Amino acid sequence: MDDRRRYVRISENLEVGYKVLQGFSKSRSGSIDISRGGIRLPVDQDLAVGTVLDLDIRSISPPISLRAVVRVVWANACGSGVEVGLRFIHMDPKDYNTFKDIIDKLEKGGLGDVGWVDKDA
């Protein structure tokens, strides 16, 4: 099987708020996995490939709120919802550096002082 992934995927549940840029409704979800290039997310609506979303990615320790614009690159029905693969298309350079630092910590096996919001709490 051809694996075209540029970045290692890390299984991590982040709290992610998302909004379709051309729409009005906002939703929240927990990520399935993350990488330097994007996020896999379960969503409660059909999102077509190519749809552009505004994301708000949060942690509580330290308090971090990262904003990103992403594009849906794939969507698959699963269970009662849909999983989407989201590719970053814009993130403030400071936010992206913070995100990369967090990914680096996760790749080394631990978050250390980083604690993501637990959406079930």
# chains A, B, ... in the order shown; residues from 1 in each chain; ligands from 1
call {"tool": "select_by_dssp", "arguments": {"residues": "region 63-109 of chain A", "states": "helix (DSSP H, G or I)", "output": "mmCIF file with N, CA and C atoms, in the first residue's frame"}}
result
data_model
loop_
_atom_site.group_PDB
_atom_site.id
_atom_site.type_symbol
_atom_site.label_atom_id
_atom_site.label_comp_id
_atom_site.auth_asym_id
_atom_site.auth_seq_id
_atom_site.Cartn_x
_atom_site.Cartn_y
_atom_site.Cartn_z
ATOM 1 N N PRO A 93 2.393 32.005 12.360
ATOM 2 C CA PRO A 93 3.689 31.355 12.591
ATOM 3 C C PRO A 93 3.977 31.074 14.071
ATOM 4 N N LYS A 94 3.604 31.974 14.955
ATOM 5 C CA LYS A 94 3.811 31.745 16.389
ATOM 6 C C LYS A 94 2.979 30.550 16.877
ATOM 7 N N ASP A 95 1.711 30.483 16.447
ATOM 8 C CA ASP A 95 0.861 29.347 16.815
ATOM 9 C C ASP A 95 1.427 28.047 16.246
ATOM 10 N N TYR A 96 1.899 28.092 14.983
ATOM 11 C CA TYR A 96 2.442 26.874 14.370
ATOM 12 C C TYR A 96 3.689 26.401 15.111
ATOM 13 N N ASN A 97 4.558 27.324 15.529
ATOM 14 C CA ASN A 97 5.740 26.927 16.302
ATOM 15 C C ASN A 97 5.345 26.307 17.639
ATOM 16 N N THR A 98 4.337 26.864 18.292
ATOM 17 C CA THR A 98 3.839 26.272 19.541
ATOM 18 C C THR A 98 3.302 24.871 19.275
ATOM 19 N N PHE A 99 2.525 24.713 18.205
ATOM 20 C CA PHE A 99 1.958 23.418 17.846
ATOM 21 C C PHE A 99 3.072 22.407 17.550
ATOM 22 N N LYS A 100 4.093 22.829 16.785
ATOM 23 C CA LYS A 100 5.219 21.932 16.485
ATOM 24 C C LYS A 100 5.941 21.516 17.764
ATOM 25 N N ASP A 101 6.121 22.431 18.719
ATOM 26 C CA ASP A 101 6.762 22.090 19.997
ATOM 27 C C ASP A 101 5.965 21.026 20.737
ATOM 28 N N ILE A 102 4.652 21.156 20.718
ATOM 29 C CA ILE A 102 3.793 20.171 21.379
ATOM 30 C C ILE A 102 3.910 18.821 20.679
ATOM 31 N N ILE A 103 3.898 18.821 19.342
ATOM 32 C CA ILE A 103 4.066 17.573 18.576
ATOM 33 C C ILE A 103 5.410 16.929 18.928
ATOM 34 N N ASP A 104 6.473 17.731 18.995
ATOM 35 C CA ASP A 104 7.794 17.196 19.343
ATOM 36 C C ASP A 104 7.765 16.511 20.703
ATOM 37 N N LYS A 105 7.108 17.121 21.686
ATOM 38 C CA LYS A 105 7.004 16.521 23.019
ATOM 39 C C LYS A 105 6.239 15.202 22.965
ATOM 40 N N LEU A 106 5.157 15.184 22.203
ATOM 41 C CA LEU A 106 4.372 13.957 22.076
ATOM 42 C C LEU A 106 5.161 12.860 21.381
ATOM 43 N N GLU A 107 5.936 13.205 20.359
ATOM 44 C CA GLU A 107 6.742 12.213 19.651
ATOM 45 C C GLU A 107 7.792 11.602 20.562
#
call {"tool": "residues_around", "arguments": {"residues": "Gly81 (chain A)", "least_positions_apart": "5", "cutoff": "7 Å", "atoms": "only C-alpha atoms", "output": "VMD selection string"}}
result
chain A and resid 42 to 44
call {"tool": "write_last_selection", "arguments": {"atoms": "C-alpha atoms", "output": "short mmCIF file (atom, residue, chain, number, x, y, z; two decimals), in the first residue's frame"}}
result
data_model
loop_
_atom_site.label_atom_id
_atom_site.label_comp_id
_atom_site.auth_asym_id
_atom_site.auth_seq_id
_atom_site.Cartn_x
_atom_site.Cartn_y
_atom_site.Cartn_z
CA PRO A 42 -14.95 13.20 14.06
CA VAL A 43 -17.67 15.67 13.06
CA ASP A 44 -21.44 15.75 13.37
#
call {"tool": "closest_residue", "arguments": {"among": "A:Ile32, A:Ala68, A:Cys78, A:Val73", "to": "Ala48 (chain A)", "atoms": "only C-alpha atoms"}}
result
A:Val73
call {"tool": "closest_residue", "arguments": {"among": "A:Ser80, A:Ser59, A:Ser65, A:Ser35", "to": "Leu14 (chain A)", "atoms": "only C-alpha atoms"}}
result
A:Ser59
call {"tool": "residues_around", "arguments": {"residues": "Val69 (chain A)", "least_positions_apart": "3", "cutoff": "10 Å", "atoms": "only C-alpha atoms", "output": "ChimeraX atom specification"}}
result
/A:18-21,52-56,86-92
call {"tool": "write_last_selection", "arguments": {"atoms": "N, CA and C atoms", "output": "mmCIF file, in the first residue's frame"}}
result
data_model
loop_
_atom_site.group_PDB
_atom_site.id
_atom_site.type_symbol
_atom_site.label_atom_id
_atom_site.label_comp_id
_atom_site.auth_asym_id
_atom_site.auth_seq_id
_atom_site.Cartn_x
_atom_site.Cartn_y
_atom_site.Cartn_z
ATOM 1 N N TYR A 18 -14.720 23.989 15.684
ATOM 2 C CA TYR A 18 -14.601 24.211 14.251
ATOM 3 C C TYR A 18 -15.840 24.909 13.711
ATOM 4 N N LYS A 19 -15.631 25.671 12.641
ATOM 5 C CA LYS A 19 -16.694 26.408 11.986
ATOM 6 C C LYS A 19 -16.395 26.436 10.493
ATOM 7 N N VAL A 20 -17.386 26.090 9.696
ATOM 8 C CA VAL A 20 -17.241 26.213 8.251
ATOM 9 C C VAL A 20 -17.136 27.707 7.942
ATOM 10 N N LEU A 21 -16.115 28.104 7.198
ATOM 11 C CA LEU A 21 -15.884 29.530 6.961
ATOM 12 C C LEU A 21 -17.057 30.213 6.274
ATOM 13 N N VAL A 52 -13.512 24.498 3.661
ATOM 14 C CA VAL A 52 -12.531 25.209 4.488
ATOM 15 C C VAL A 52 -13.159 25.507 5.848
ATOM 16 N N LEU A 53 -12.401 25.184 6.907
ATOM 17 C CA LEU A 53 -12.871 25.376 8.282
ATOM 18 C C LEU A 53 -11.918 26.271 9.050
ATOM 19 N N ASP A 54 -12.466 26.956 10.030
ATOM 20 C CA ASP A 54 -11.685 27.703 11.005
ATOM 21 C C ASP A 54 -11.647 26.844 12.269
ATOM 22 N N LEU A 55 -10.441 26.527 12.772
ATOM 23 C CA LEU A 55 -10.304 25.690 13.974
ATOM 24 C C LEU A 55 -9.813 26.518 15.150
ATOM 25 N N ASP A 56 -10.256 26.118 16.345
ATOM 26 C CA ASP A 56 -9.760 26.649 17.607
ATOM 27 C C ASP A 56 -9.313 25.438 18.417
ATOM 28 N N LEU A 86 -8.108 16.759 7.974
ATOM 29 C CA LEU A 86 -7.987 18.203 7.786
ATOM 30 C C LEU A 86 -6.528 18.579 7.608
ATOM 31 N N ARG A 87 -6.219 19.313 6.561
ATOM 32 C CA ARG A 87 -4.852 19.772 6.303
ATOM 33 C C ARG A 87 -4.766 21.259 6.629
ATOM 34 N N PHE A 88 -3.734 21.631 7.390
ATOM 35 C CA PHE A 88 -3.526 23.037 7.693
ATOM 36 C C PHE A 88 -3.229 23.801 6.408
ATOM 37 N N ILE A 89 -3.937 24.917 6.204
ATOM 38 C CA ILE A 89 -3.618 25.781 5.068
ATOM 39 C C ILE A 89 -3.168 27.158 5.541
ATOM 40 N N HIS A 90 -3.477 27.501 6.791
ATOM 41 C CA HIS A 90 -2.946 28.736 7.371
ATOM 42 C C HIS A 90 -2.961 28.636 8.893
ATOM 43 N N MET A 91 -1.844 29.032 9.488
ATOM 44 C CA MET A 91 -1.751 29.159 10.935
ATOM 45 C C MET A 91 -0.724 30.250 11.204
ATOM 46 N N ASP A 92 -1.030 31.125 12.138
ATOM 47 C CA ASP A 92 -0.074 32.151 12.519
ATOM 48 C C ASP A 92 1.264 31.471 12.829
#
call {"tool": "residues_around", "arguments": {"residues": "Val72 (chain A)", "least_positions_apart": "5", "cutoff": "6 Å", "atoms": "only C-alpha atoms", "output": "PDB file with C-alpha atoms, in the first residue's frame"}}
result
ATOM      1  CA  VAL A  49     -13.763  17.468   0.417  1.00  0.00           C
ATOM      2  CA  GLY A  50     -12.453  20.972  -0.187  1.00  0.00           C
ATOM      3  CA  THR A  51     -14.536  22.593   2.581  1.00  0.00           C
ATOM      4  CA  GLY A  85      -8.881  14.523   7.479  1.00  0.00           C
ATOM      5  CA  LEU A  86      -7.987  18.203   7.786  1.00  0.00           C
TER       6      LEU A  86
END
call {"tool": "atom_distance", "arguments": {"atom1": "CA of Ser27 (chain A)", "atom2": "CA of Trp74 (chain A)"}}
result
18.7 Å
